[in-house]
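Reproduced below: start-v8.tsv, with TSV, C-alpha atoms.
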chain	number	residue	atom	x	y	z
A	20	MET	CA	232.59	142.36	-1.93
A	21	PRO	CA	230.43	145.35	-2.95
A	22	ILE	CA	231.11	148.92	-1.95
A	23	LEU	CA	228.00	151.11	-2.10
A	24	HIS	CA	227.36	154.77	-1.51
A	25	HIS	CA	224.95	155.57	1.27
A	26	GLU	CA	222.18	157.09	-0.86
A	27	PRO	CA	221.34	153.99	-2.97
A	28	LEU	CA	221.82	151.76	0.06
A	29	GLU	CA	219.32	153.85	2.02
A	30	THR	CA	216.90	153.81	-0.93
A	31	LEU	CA	217.12	150.02	-1.07
A	32	ALA	CA	216.48	149.63	2.67
A	33	ARG	CA	213.56	152.05	2.54
A	34	GLY	CA	212.03	150.17	-0.39
A	35	ILE	CA	212.31	146.84	1.41
A	36	PHE	CA	210.58	148.16	4.52
A	37	GLN	CA	207.82	149.84	2.52
A	38	ALA	CA	207.28	146.56	0.65
A	39	ILE	CA	206.22	144.93	3.92
A	40	GLN	CA	203.81	147.81	4.65
A	41	VAL	CA	205.88	149.92	7.00
A	42	PRO	CA	204.43	153.43	6.48
A	43	PRO	CA	206.77	155.61	4.38
A	44	PRO	CA	207.93	157.91	7.22
A	45	GLY	CA	208.76	154.92	9.41
A	46	ALA	CA	210.47	153.07	6.57
A	47	ALA	CA	212.60	156.14	5.83
A	48	TRP	CA	213.57	156.47	9.50
A	49	MET	CA	214.53	152.79	9.76
A	50	ALA	CA	216.61	152.98	6.57
A	51	GLU	CA	218.31	156.20	7.69
A	52	LEU	CA	219.37	154.70	11.02
A	53	LEU	CA	220.65	151.42	9.59
A	54	VAL	CA	222.77	153.18	6.97
A	55	ARG	CA	223.93	155.74	9.56
A	56	ALA	CA	225.28	152.83	11.61
A	57	ASN	CA	227.33	151.71	8.59
A	58	LEU	CA	228.51	155.25	7.92
A	59	ARG	CA	229.72	155.61	11.50
A	60	GLY	CA	231.63	152.35	11.42
A	61	HIS	CA	229.18	150.14	13.31
A	62	ASP	CA	228.44	147.60	10.58
A	63	SER	CA	227.09	145.26	13.27
A	64	HIS	CA	224.00	147.48	13.51
A	65	GLY	CA	223.72	148.50	9.87
A	66	VAL	CA	222.17	146.90	6.82
A	67	ILE	CA	223.29	143.47	8.03
A	68	ARG	CA	220.10	143.68	10.14
A	69	ILE	CA	217.70	143.90	7.17
A	70	PRO	CA	217.35	140.10	6.71
A	71	GLN	CA	216.84	139.73	10.48
A	72	TYR	CA	214.02	142.29	10.47
A	73	ILE	CA	212.30	140.66	7.51
A	74	ALA	CA	212.59	137.26	9.21
A	75	SER	CA	210.91	138.72	12.34
A	76	TRP	CA	208.09	140.07	10.17
A	77	LYS	CA	207.61	136.69	8.49
A	78	LYS	CA	207.36	134.94	11.85
A	79	GLY	CA	204.78	137.43	13.07
A	80	ASP	CA	207.11	138.86	15.73
A	81	ALA	CA	207.17	142.30	14.10
A	82	ASN	CA	204.12	144.40	13.24
A	83	PRO	CA	205.04	146.88	10.48
A	84	THR	CA	202.04	149.15	11.13
A	85	ALA	CA	202.16	149.15	14.94
A	86	GLU	CA	201.65	152.46	16.74
A	87	PRO	CA	203.30	152.59	20.20
A	88	VAL	CA	201.05	153.75	23.04
A	89	VAL	CA	201.64	155.11	26.54
A	90	VAL	CA	199.94	152.66	28.90
A	91	GLN	CA	200.97	154.16	32.25
A	92	GLU	CA	202.38	157.54	33.22
A	93	GLY	CA	203.06	160.14	35.87
A	94	PRO	CA	204.52	163.65	35.63
A	95	ALA	CA	208.09	162.34	35.18
A	96	THR	CA	207.54	158.72	34.17
A	97	ALA	CA	205.88	156.62	31.50
A	98	LEU	CA	205.58	153.07	30.23
A	99	VAL	CA	205.28	152.69	26.46
A	100	ASP	CA	203.93	149.55	24.81
A	101	GLY	CA	205.61	149.16	21.43
A	102	LYS	CA	202.89	146.79	20.17
A	103	LEU	CA	205.58	144.61	18.51
A	104	GLY	CA	206.58	147.45	16.22
A	105	PHE	CA	209.96	147.79	14.58
A	106	GLY	CA	212.39	149.05	17.19
A	107	GLN	CA	213.54	152.23	15.47
A	108	ILE	CA	209.97	153.50	15.35
A	109	VAL	CA	209.15	152.37	18.89
A	110	ALA	CA	212.32	153.78	20.48
A	111	ARG	CA	211.86	157.14	18.75
A	112	ARG	CA	208.38	157.38	20.27
A	113	GLY	CA	209.76	156.50	23.69
A	114	MET	CA	212.37	159.25	23.44
A	115	GLU	CA	209.77	161.76	22.31
A	116	VAL	CA	207.73	161.00	25.44
A	117	ALA	CA	210.85	161.19	27.63
A	118	MET	CA	211.90	164.56	26.20
A	119	GLN	CA	208.40	166.00	26.59
A	120	LYS	CA	208.35	165.03	30.24
A	121	ALA	CA	211.90	166.27	30.87
A	122	THR	CA	210.88	169.63	29.39
A	123	ALA	CA	207.96	169.79	31.81
A	124	VAL	CA	209.60	168.59	35.03
A	125	GLY	CA	213.37	168.55	34.44
A	126	VAL	CA	214.15	164.83	34.56
A	127	SER	CA	212.21	161.91	33.12
A	128	THR	CA	212.37	158.13	33.12
A	129	VAL	CA	210.55	156.10	30.49
A	130	GLY	CA	210.30	152.34	30.09
A	131	VAL	CA	209.52	150.70	26.74
A	132	PHE	CA	208.47	147.10	26.12
A	133	ASN	CA	207.17	144.97	23.22
A	134	SER	CA	209.76	146.52	20.92
A	135	ASN	CA	211.76	144.78	18.23
A	136	HIS	CA	215.51	145.40	17.82
A	137	ILE	CA	216.18	149.15	18.06
A	138	GLY	CA	219.63	149.22	16.44
A	139	ARG	CA	222.22	151.67	17.77
A	140	LEU	CA	221.22	153.16	21.11
A	141	ALA	CA	223.20	156.32	20.29
A	142	ASP	CA	220.64	157.30	17.67
A	143	TYR	CA	218.14	157.93	20.47
A	144	THR	CA	220.37	159.48	23.14
A	145	GLU	CA	221.54	161.94	20.48
A	146	MET	CA	217.94	163.01	19.83
A	147	ALA	CA	218.09	164.89	23.13
A	148	LEU	CA	221.05	167.07	22.19
A	149	GLU	CA	219.21	169.66	20.08
A	150	ARG	CA	217.05	170.42	23.13
A	151	ASP	CA	220.08	170.98	25.39
A	152	MET	CA	219.34	167.72	27.18
A	153	LEU	CA	221.43	164.68	27.97
A	154	ALA	CA	220.21	161.11	27.85
A	155	ILE	CA	221.02	157.61	29.05
A	156	LEU	CA	219.62	154.40	27.55
A	157	ALA	CA	219.95	150.84	28.80
A	158	VAL	CA	218.57	147.92	26.78
A	159	ASN	CA	218.14	144.18	27.16
A	160	ALA	CA	216.72	141.49	24.85
A	161	GLY	CA	213.56	140.73	26.79
A	162	GLY	CA	215.13	137.71	28.46
A	163	ALA	CA	216.05	136.13	25.10
A	164	GLY	CA	219.19	136.54	22.98
A	165	GLN	CA	221.28	135.11	25.80
A	166	ARG	CA	224.96	135.53	24.87
A	167	MET	CA	226.80	136.29	28.13
A	168	ALA	CA	227.45	133.75	30.88
A	169	PRO	CA	227.48	135.02	34.45
A	170	TRP	CA	231.05	135.66	35.59
A	171	GLY	CA	232.65	132.28	36.20
A	172	GLY	CA	230.02	130.40	34.18
A	173	ARG	CA	230.13	128.97	30.65
A	174	ALA	CA	226.43	128.79	29.67
A	175	PRO	CA	224.88	132.10	28.48
A	176	ARG	CA	222.27	133.66	30.76
A	177	LEU	CA	222.18	137.36	29.77
A	178	SER	CA	222.08	139.24	26.48
A	179	THR	CA	224.83	141.71	25.57
A	180	ASN	CA	222.83	144.42	27.42
A	181	PRO	CA	224.19	147.71	26.00
A	182	ILE	CA	224.17	151.14	27.59
A	183	ALA	CA	224.47	154.55	25.92
A	184	PHE	CA	225.05	158.15	26.98
A	185	ALA	CA	225.11	161.41	25.04
A	186	CYS	CA	225.51	165.06	26.01
A	187	PRO	CA	226.14	168.23	24.01
A	188	THR	CA	229.47	170.02	23.63
A	189	GLY	CA	230.37	173.42	22.29
A	190	GLY	CA	231.59	171.92	19.02
A	191	GLY	CA	230.01	169.85	16.31
A	192	VAL	CA	230.64	166.45	17.87
A	193	PRO	CA	228.85	165.48	21.09
A	194	ILE	CA	230.14	163.15	23.75
A	195	SER	CA	228.34	159.97	22.73
A	196	PHE	CA	228.99	156.33	23.47
A	197	ASP	CA	226.96	153.17	22.95
A	198	ILE	CA	228.60	150.03	24.31
A	199	ALA	CA	227.70	146.43	24.98
A	200	THR	CA	228.53	145.07	28.41
A	201	THR	CA	230.20	142.14	26.64
A	202	MET	CA	233.64	142.28	24.98
A	203	ALA	CA	231.79	142.83	21.70
A	204	ALA	CA	228.20	143.16	20.59
A	205	GLU	CA	226.73	139.98	19.11
A	206	GLY	CA	226.43	141.81	15.80
A	207	LYS	CA	230.20	142.35	15.67
A	208	VAL	CA	230.69	138.60	16.04
A	209	ARG	CA	228.10	138.13	13.27
A	210	VAL	CA	230.03	140.48	10.98
A	211	LYS	CA	233.23	138.50	11.61
A	212	ARG	CA	231.38	135.27	10.82
A	213	ASN	CA	229.92	136.68	7.60
A	214	ARG	CA	233.36	137.94	6.55
A	215	LYS	CA	234.91	134.54	7.43
A	216	GLU	CA	237.32	136.22	9.82
A	217	THR	CA	238.56	135.01	13.20
A	218	LEU	CA	237.79	136.86	16.42
A	219	PRO	CA	240.35	138.70	18.53
A	220	PRO	CA	241.51	136.58	21.48
A	221	GLY	CA	239.57	137.25	24.66
A	222	TRP	CA	236.13	137.80	23.14
A	223	VAL	CA	234.52	134.36	23.29
A	224	LEU	CA	234.50	131.02	25.11
A	225	ASP	CA	233.24	127.85	23.47
A	226	ALA	CA	230.52	125.69	25.03
A	227	ASP	CA	233.11	123.91	27.18
A	228	GLY	CA	234.41	127.17	28.60
A	229	ASN	CA	237.61	127.26	26.54
A	230	PRO	CA	238.86	130.42	24.81
A	231	THR	CA	238.29	130.42	21.05
A	232	THR	CA	238.62	132.77	18.10
A	233	ASP	CA	235.93	130.98	16.06
A	234	PRO	CA	232.85	133.23	15.67
A	235	ASN	CA	230.67	130.18	15.02
A	236	ALA	CA	231.17	129.07	18.63
A	237	ILE	CA	228.41	131.29	19.99
A	238	TYR	CA	225.92	129.97	17.44
A	239	GLY	CA	226.44	126.28	18.21
A	240	ASN	CA	224.25	123.86	20.10
A	241	PRO	CA	225.06	124.21	22.93
A	242	PRO	CA	226.27	127.76	22.36
A	243	GLY	CA	229.43	129.40	23.58
A	244	THR	CA	229.45	132.73	25.38
A	245	ILE	CA	230.73	136.25	24.75
A	246	LEU	CA	232.78	137.34	27.75
A	247	PRO	CA	231.68	140.34	29.82
A	248	VAL	CA	233.77	143.47	29.35
A	249	GLY	CA	235.98	144.04	32.38
A	250	GLY	CA	235.27	140.61	33.85
A	251	HIS	CA	233.02	140.70	36.89
A	252	LYS	CA	232.42	144.43	36.43
A	253	GLY	CA	230.80	143.97	33.02
A	254	TYR	CA	228.70	141.14	34.42
A	255	ALA	CA	227.47	143.42	37.21
A	256	LEU	CA	226.58	146.18	34.74
A	257	ALA	CA	224.72	143.69	32.55
A	258	LEU	CA	222.76	142.47	35.56
A	259	MET	CA	221.84	146.05	36.47
A	260	ILE	CA	220.58	146.64	32.92
A	261	GLU	CA	218.59	143.39	33.02
A	262	VAL	CA	216.78	144.70	36.11
A	263	LEU	CA	216.18	148.20	34.69
A	264	ALA	CA	215.16	147.23	31.14
A	265	GLY	CA	213.72	143.80	31.86
A	266	ILE	CA	211.86	144.27	35.14
A	267	VAL	CA	211.35	148.01	35.71
A	268	ALA	CA	210.64	148.78	32.03
A	269	ARG	CA	208.62	145.52	31.74
A	270	GLY	CA	210.68	144.26	28.83
A	271	GLY	CA	211.06	140.77	30.27
A	272	TYR	CA	214.08	139.27	32.05
A	273	SER	CA	216.39	136.30	31.48
A	274	ARG	CA	214.90	132.93	32.37
A	275	GLU	CA	214.33	129.49	30.97
A	276	ASN	CA	212.35	129.30	27.73
A	277	PRO	CA	211.98	133.02	27.00
A	278	GLY	CA	209.92	134.31	24.11
A	279	PRO	CA	211.30	135.97	20.97
A	280	VAL	CA	214.00	138.62	21.20
A	281	MET	CA	212.34	141.91	22.14
A	282	ASN	CA	214.14	144.98	23.44
A	283	GLY	CA	213.25	146.30	26.86
A	284	ILE	CA	214.38	149.94	27.03
A	285	PHE	CA	215.10	152.08	30.10
A	286	MET	CA	215.44	155.78	29.23
A	287	VAL	CA	216.56	158.72	31.35
A	288	VAL	CA	216.50	162.28	29.99
A	289	VAL	CA	217.80	165.35	31.84
A	290	ASP	CA	217.05	168.98	31.00
A	291	ILE	CA	220.49	170.50	31.58
A	292	SER	CA	219.07	173.98	32.19
A	293	ARG	CA	217.49	172.76	35.46
A	294	PHE	CA	221.03	172.40	36.85
A	295	VAL	CA	223.32	174.73	34.91
A	296	ALA	CA	222.98	177.20	32.03
A	297	PRO	CA	223.42	175.25	28.76
A	298	GLY	CA	226.15	177.64	27.56
A	299	THR	CA	228.12	177.11	30.76
A	300	PHE	CA	227.60	173.35	30.51
A	301	ARG	CA	228.93	173.24	26.96
A	302	ALA	CA	231.95	175.40	27.80
A	303	GLU	CA	232.87	173.29	30.81
A	304	VAL	CA	232.45	170.02	28.89
A	305	ASP	CA	234.74	171.45	26.19
A	306	ASP	CA	237.30	172.41	28.83
A	307	LEU	CA	237.11	168.89	30.29
A	308	ILE	CA	237.75	167.37	26.86
A	309	ARG	CA	240.63	169.81	26.28
A	310	TYR	CA	242.26	168.66	29.51
A	311	LEU	CA	241.80	164.97	28.65
A	312	LYS	CA	243.46	165.53	25.29
A	313	SER	CA	246.45	167.19	26.94
A	314	SER	CA	247.63	163.78	28.16
A	315	PRO	CA	250.78	162.59	26.39
A	316	THR	CA	250.00	159.60	24.18
A	317	VAL	CA	251.49	156.14	24.40
A	318	PRO	CA	253.65	154.83	21.53
A	319	GLY	CA	251.58	154.09	18.44
A	320	VAL	CA	248.74	156.50	19.31
A	321	ASP	CA	248.59	159.75	17.35
A	322	GLN	CA	245.84	161.54	19.23
A	323	ILE	CA	243.34	161.15	22.06
A	324	LEU	CA	239.72	161.16	20.98
A	325	ALA	CA	236.56	161.71	22.97
A	326	PRO	CA	233.67	159.23	22.63
A	327	GLY	CA	231.75	160.16	19.49
A	328	GLU	CA	234.77	161.46	17.56
A	329	PRO	CA	235.79	158.09	16.03
A	330	GLU	CA	232.29	157.77	14.56
A	331	ALA	CA	232.40	161.31	13.15
A	332	ILE	CA	235.78	160.65	11.49
A	333	THR	CA	234.58	157.35	10.01
A	334	GLU	CA	231.36	158.92	8.72
A	335	THR	CA	233.29	161.60	6.85
A	336	LYS	CA	235.46	158.95	5.18
A	337	ARG	CA	232.63	156.59	4.28
A	338	ARG	CA	230.44	159.32	2.81
A	339	GLN	CA	233.23	159.79	0.27
A	340	ALA	CA	234.56	156.25	-0.16
A	341	GLY	CA	231.33	154.30	0.25
A	342	ILE	CA	230.26	151.46	2.53
A	343	PHE	CA	231.76	147.99	2.27
A	344	VAL	CA	229.22	145.17	2.57
A	345	GLU	CA	230.61	141.63	2.77
A	346	ASP	CA	229.41	139.14	0.14
A	347	GLN	CA	227.37	136.98	2.51
A	348	THR	CA	225.44	139.93	3.91
A	349	TRP	CA	224.91	141.46	0.45
A	350	GLY	CA	223.66	138.15	-0.87
A	351	GLN	CA	221.12	137.92	1.95
A	352	ILE	CA	219.91	141.47	1.27
A	353	GLU	CA	219.63	140.77	-2.48
A	354	GLU	CA	217.56	137.67	-1.75
A	355	VAL	CA	215.15	139.68	0.40
A	356	ALA	CA	214.90	142.44	-2.21
A	357	ARG	CA	214.13	140.02	-5.03
A	358	GLU	CA	211.50	138.26	-2.96
A	359	LEU	CA	209.78	141.60	-2.31
A	360	ASN	CA	210.26	142.92	-5.88
A	361	VAL	CA	212.47	145.80	-4.76
A	362	ALA	CA	215.03	147.21	-7.22
A	363	ILE	CA	218.64	146.40	-6.32
A	364	PRO	CA	221.29	149.08	-6.94
A	365	ASN	CA	224.45	148.20	-8.84
A	366	ALA	CA	227.28	147.29	-6.47

Would you write out, as structure tokens, the structure that this file holds?
Amino acid sequence: MPILHHEPLETLARGIFQAIQVPPPGAAWMAELLVRANLRGHDSHGVIRIPQYIASWKKGDANPTAEPVVVQEGPATALVDGKLGFGQIVARRGMEVAMQKATAVGVSTVGVFNSNHIGRLADYTEMALERDMLAILAVNAGGAGQRMAPWGGRAPRLSTNPIAFACPTGGGVPISFDIATTMAAEGKVRVKRNRKETLPPGWVLDADGNPTTDPNAIYGNPPGTILPVGGHKGYALALMIEVLAGIVARGGYSRENPGPVMNGIFMVVVDISRFVAPGTFRAEVDDLIRYLKSSPTVPGVDQILAPGEPEAITETKRRQAGIFVEDQTWGQIEEVARELNVAIPNA
């Protein structure tokens, strides 16, 4: 059960991506975001994804040298074709286009298709913060990666369809959340499986529609399903995202016999200054957070946190203590590194 510091782990990831011909700037960006996910406590979207990305490349589903292009646009809108590029590189380009357009006209909406897995959505919404903008992202799996049954069903029909939001505050930590519309992201179930742990009750149903704590249930044939968060409400949100990311953004929607997992991305960016002075916005958001934190806590809770603060606390701890990588995941990464002749750091 290795514990690694973030610098050698990032170097390893960067070396693996460069070994499959991802240009150095793109490889560095991919490695930075995967390790950042681990640092912030979201191991489901961290280096556990390296073997998945290499497998996509081997199958021809991922083009390491792809350059995303805008294929349709208006003053406030654009469609970006990711050309099967790695998702971190494609999504960054989509956000750059969205921010440029929001600067010009105040609010922008950008759709992205033909993109591989983009990782944590929060990495892209938070790109807008330094420009005094806020951002919303909604993502599907291009009609594939079906893990959620419609409410009342037991056969998966939708992916975990996450949504993210970020806005600046007056302090060092923004309001930022990135959540699946299922009880847990598929990657969190994968982490539990790799660690040989059981799931919390209420996450998953087996293929017969019975509650289970076995993470292997969703990977069976036929597969089980991850329950929607909030019951029918989570199902409705997931359906909305399927329409926005799958149909509006042209990412592809759930159906029989879909193609490979590809992220459809629906982006909205707002220039805050078109509505309120950024300084006033930050002060009022801070006052809102202050008021929320004035609520007395329930037994067992020490303090109320705003979305984004748990990740900041975890990152501070893990930069000092290192990142735990379970044996199964580390073994898979080592296998990839050896195959590509990339040096492996000591665990």

Residues within 8 Å of (213.3, 145.8, 30.0), file coords, all atoms listed in the file, listed as a ChimeraX atom specification = /A:130-132,158-161,260-272,282-285

Residue nearest His136 of chain A among A:Pro230, A:Pro279, A:Pro43, A:Gly253 (counting only C-alpha atoms) |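 Answer, going by the shortest atom-to-atom distance: A:Pro279.
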
Give the answer as one residue: which of A:Thr217, A:Gln71, A:Ser273, A:Ser314 has the shortest atom-to-atom distance to Ala236 of chain A, using only C-alpha atoms?
->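 Once distances to Ala236 of chain A are computed over only C-alpha atoms, the minimum belongs to A:Thr217.
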
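What separates atom CA of Ala46 of chain A from atom CA of Pro364 of chain A is a distance of 17.8 Å.
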
Find the spatial neighbours of Ala226 of chain A, counting only C-alpha atoms, within a cut-off of 12 Å - ignore same-chain residues fewer than 3 positions away - and output them as a PDB file with C-alpha atoms, in the frame of the given file.
ATOM      1  CA  ARG A 166     224.960 135.530  24.870  1.00  0.00           C
ATOM      2  CA  MET A 167     226.800 136.290  28.130  1.00  0.00           C
ATOM      3  CA  ALA A 168     227.450 133.750  30.880  1.00  0.00           C
ATOM      4  CA  GLY A 172     230.020 130.400  34.180  1.00  0.00           C
ATOM      5  CA  ARG A 173     230.130 128.970  30.650  1.00  0.00           C
ATOM      6  CA  ALA A 174     226.430 128.790  29.670  1.00  0.00           C
ATOM      7  CA  PRO A 175     224.880 132.100  28.480  1.00  0.00           C
ATOM      8  CA  VAL A 223     234.520 134.360  23.290  1.00  0.00           C
ATOM      9  CA  ASN A 229     237.610 127.260  26.540  1.00  0.00           C
ATOM     10  CA  PRO A 230     238.860 130.420  24.810  1.00  0.00           C
ATOM     11  CA  THR A 231     238.290 130.420  21.050  1.00  0.00           C
ATOM     12  CA  ASP A 233     235.930 130.980  16.060  1.00  0.00           C
ATOM     13  CA  ASN A 235     230.670 130.180  15.020  1.00  0.00           C
ATOM     14  CA  ALA A 236     231.170 129.070  18.630  1.00  0.00           C
ATOM     15  CA  ILE A 237     228.410 131.290  19.990  1.00  0.00           C
ATOM     16  CA  TYR A 238     225.920 129.970  17.440  1.00  0.00           C
ATOM     17  CA  GLY A 239     226.440 126.280  18.210  1.00  0.00           C
ATOM     18  CA  ASN A 240     224.250 123.860  20.100  1.00  0.00           C
ATOM     19  CA  PRO A 241     225.060 124.210  22.930  1.00  0.00           C
ATOM     20  CA  PRO A 242     226.270 127.760  22.360  1.00  0.00           C
ATOM     21  CA  GLY A 243     229.430 129.400  23.580  1.00  0.00           C
ATOM     22  CA  THR A 244     229.450 132.730  25.380  1.00  0.00           C
ATOM     23  CA  ILE A 245     230.730 136.250  24.750  1.00  0.00           C
TER      24      ILE A 245
END

Selected residue, from A:Asp346, A:Ile108, A:Ile198, A:Asp80, that lies nearest to Lys215 of chain A when counting all atoms listed in the file |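 Comparing A:Asp346, A:Ile108, A:Ile198, A:Asp80 against Lys215 of chain A, the winner is A:Asp346.
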
Coordinates-based distance that separates atom CA of Pro193 of chain A from atom CA of Ile155 of chain A (Å, one decimal) =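 We find that atom CA of Ile155 of chain A and atom CA of Pro193 of chain A lie 13.7 Å from each other.
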
Measure the distance from atom CA of Val248 of chain A to atom CA of Thr200 of chain A in Å and round it to one decimal.
->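 Calculated distance between atom CA of Val248 of chain A and atom CA of Thr200 of chain A is 5.6 Å.
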
Distance query Ile308 of chain A at most 10 Å, all atoms listed in the file, self and fewer than 6 positions along chain excluded, as an mmCIF file with C-alpha atoms, in the coordinates of the input:
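Okay, this is what ended up in out16.cif:
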data_model
loop_
_atom_site.group_PDB
_atom_site.id
_atom_site.type_symbol
_atom_site.label_atom_id
_atom_site.label_comp_id
_atom_site.auth_asym_id
_atom_site.auth_seq_id
_atom_site.Cartn_x
_atom_site.Cartn_y
_atom_site.Cartn_z
ATOM 1 C CA THR A 188 229.470 170.020 23.630
ATOM 2 C CA ILE A 194 230.140 163.150 23.750
ATOM 3 C CA ALA A 302 231.950 175.400 27.800
ATOM 4 C CA ILE A 323 243.340 161.150 22.060
ATOM 5 C CA LEU A 324 239.720 161.160 20.980
ATOM 6 C CA ALA A 325 236.560 161.710 22.970
#

Name all residues at most 10 Å from Gln119 of chain A (count all atoms listed in the file; drop same-chain ones fewer than 6 positions away) and give them as a VMD selection string.
-> chain A and resid 95 125 to 127 288

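Taking all atoms listed in the file into account, the residues near (210.6, 142.8, -3.8), no farther than 10 Å, are Gly34, Ile35, Phe36, Gln37, Ala38, Ile39, Glu353, Glu354, Val355, Ala356, Arg357, Glu358, Leu359, Asn360, Val361, Ala362 and Ile363 of chain A.
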
Can those selected residues be exported to a file as a compact mmCIF listing (two decimals), keeping the file's coordinate frame so that it contains C-alpha atoms?
# COMPACT_ATOMS: atom_id res chain seq x y z
CA GLY A 34 212.03 150.17 -0.39
CA ILE A 35 212.31 146.84 1.41
CA PHE A 36 210.58 148.16 4.52
CA GLN A 37 207.82 149.84 2.52
CA ALA A 38 207.28 146.56 0.65
CA ILE A 39 206.22 144.93 3.92
CA GLU A 353 219.63 140.77 -2.48
CA GLU A 354 217.56 137.67 -1.75
CA VAL A 355 215.15 139.68 0.40
CA ALA A 356 214.90 142.44 -2.21
CA ARG A 357 214.13 140.02 -5.03
CA GLU A 358 211.50 138.26 -2.96
CA LEU A 359 209.78 141.60 -2.31
CA ASN A 360 210.26 142.92 -5.88
CA VAL A 361 212.47 145.80 -4.76
CA ALA A 362 215.03 147.21 -7.22
CA ILE A 363 218.64 146.40 -6.32

Surrounding residues of Ala97 of chain A excluding itself and chain neighbours under 4 positions, 9 Å, all atoms listed in the file, as a ChimeraX atom specification | /A:89-93,113,116-117,120,127-131

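Distances here use only C-alpha atoms; by that measure, the residue among A:Leu103, A:Met286, A:Val66, A:Ala56 closest to Arg33 of chain A is A:Val66.
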
Any idea what's packed within 10 Å of Asp290 of chain A, counting all atoms listed in the file, ignoring anything in its chain fewer than 5 positions away? Could you give it as a list in words?
->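 Using all atoms listed in the file, the neighbours found are Met118, Lys120, Ala121, Thr122, Ala123, Val124, Gly125, Val126, Ser127, Ala147, Leu148, Arg150, Asp151, Met152, Leu153, Ala154, Val295 and Pro297 of chain A.
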
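Distance annotation: of A:Ala50, A:Ala199, A:Val99, A:Leu58, the residue with the minimal separation from Gly249 of chain A is A:Ala199; atom set is only C-alpha atoms.
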
Got a minute to add N, CA, C and O atoms to segment 336-347 of chain A and dump it as a PDB file, in the frame of the given file?
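To be explicit, this is the file written out as out31.pdb:
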ATOM      1  N   LYS A 336     234.754 159.786   6.159  1.00  0.00           N
ATOM      2  CA  LYS A 336     235.460 158.950   5.180  1.00  0.00           C
ATOM      3  C   LYS A 336     234.488 158.120   4.353  1.00  0.00           C
ATOM      4  O   LYS A 336     234.618 158.023   3.127  1.00  0.00           O
ATOM      5  N   ARG A 337     233.511 157.508   5.001  1.00  0.00           N
ATOM      6  CA  ARG A 337     232.630 156.590   4.280  1.00  0.00           C
ATOM      7  C   ARG A 337     231.630 157.322   3.395  1.00  0.00           C
ATOM      8  O   ARG A 337     231.145 156.752   2.420  1.00  0.00           O
ATOM      9  N   ARG A 338     231.302 158.565   3.705  1.00  0.00           N
ATOM     10  CA  ARG A 338     230.440 159.320   2.810  1.00  0.00           C
ATOM     11  C   ARG A 338     231.146 159.566   1.473  1.00  0.00           C
ATOM     12  O   ARG A 338     230.494 159.703   0.428  1.00  0.00           O
ATOM     13  N   GLN A 339     232.459 159.610   1.505  1.00  0.00           N
ATOM     14  CA  GLN A 339     233.230 159.790   0.270  1.00  0.00           C
ATOM     15  C   GLN A 339     233.556 158.457  -0.392  1.00  0.00           C
ATOM     16  O   GLN A 339     233.372 158.289  -1.606  1.00  0.00           O
ATOM     17  N   ALA A 340     234.036 157.500   0.391  1.00  0.00           N
ATOM     18  CA  ALA A 340     234.560 156.250  -0.160  1.00  0.00           C
ATOM     19  C   ALA A 340     233.503 155.176  -0.355  1.00  0.00           C
ATOM     20  O   ALA A 340     233.706 154.230  -1.119  1.00  0.00           O
ATOM     21  N   GLY A 341     232.368 155.306   0.315  1.00  0.00           N
ATOM     22  CA  GLY A 341     231.330 154.300   0.250  1.00  0.00           C
ATOM     23  C   GLY A 341     231.392 153.321   1.416  1.00  0.00           C
ATOM     24  O   GLY A 341     232.285 153.387   2.268  1.00  0.00           O
ATOM     25  N   ILE A 342     230.422 152.419   1.442  1.00  0.00           N
ATOM     26  CA  ILE A 342     230.260 151.460   2.530  1.00  0.00           C
ATOM     27  C   ILE A 342     230.538 150.060   2.008  1.00  0.00           C
ATOM     28  O   ILE A 342     229.914 149.613   1.035  1.00  0.00           O
ATOM     29  N   PHE A 343     231.451 149.364   2.641  1.00  0.00           N
ATOM     30  CA  PHE A 343     231.760 147.990   2.270  1.00  0.00           C
ATOM     31  C   PHE A 343     230.723 147.059   2.896  1.00  0.00           C
ATOM     32  O   PHE A 343     230.443 147.141   4.093  1.00  0.00           O
ATOM     33  N   VAL A 344     230.153 146.191   2.089  1.00  0.00           N
ATOM     34  CA  VAL A 344     229.220 145.170   2.570  1.00  0.00           C
ATOM     35  C   VAL A 344     229.765 143.811   2.133  1.00  0.00           C
ATOM     36  O   VAL A 344     229.948 143.577   0.937  1.00  0.00           O
ATOM     37  N   GLU A 345     230.028 142.936   3.093  1.00  0.00           N
ATOM     38  CA  GLU A 345     230.610 141.630   2.770  1.00  0.00           C
ATOM     39  C   GLU A 345     229.633 140.818   1.910  1.00  0.00           C
ATOM     40  O   GLU A 345     228.418 141.005   1.955  1.00  0.00           O
ATOM     41  N   ASP A 346     230.192 139.905   1.122  1.00  0.00           N
ATOM     42  CA  ASP A 346     229.410 139.140   0.140  1.00  0.00           C
ATOM     43  C   ASP A 346     228.232 138.405   0.766  1.00  0.00           C
ATOM     44  O   ASP A 346     227.130 138.394   0.204  1.00  0.00           O
ATOM     45  N   GLN A 347     228.453 137.764   1.923  1.00  0.00           N
ATOM     46  CA  GLN A 347     227.370 136.980   2.510  1.00  0.00           C
ATOM     47  C   GLN A 347     226.198 137.864   2.908  1.00  0.00           C
ATOM     48  O   GLN A 347     225.034 137.541   2.637  1.00  0.00           O
TER      49      GLN A 347
END
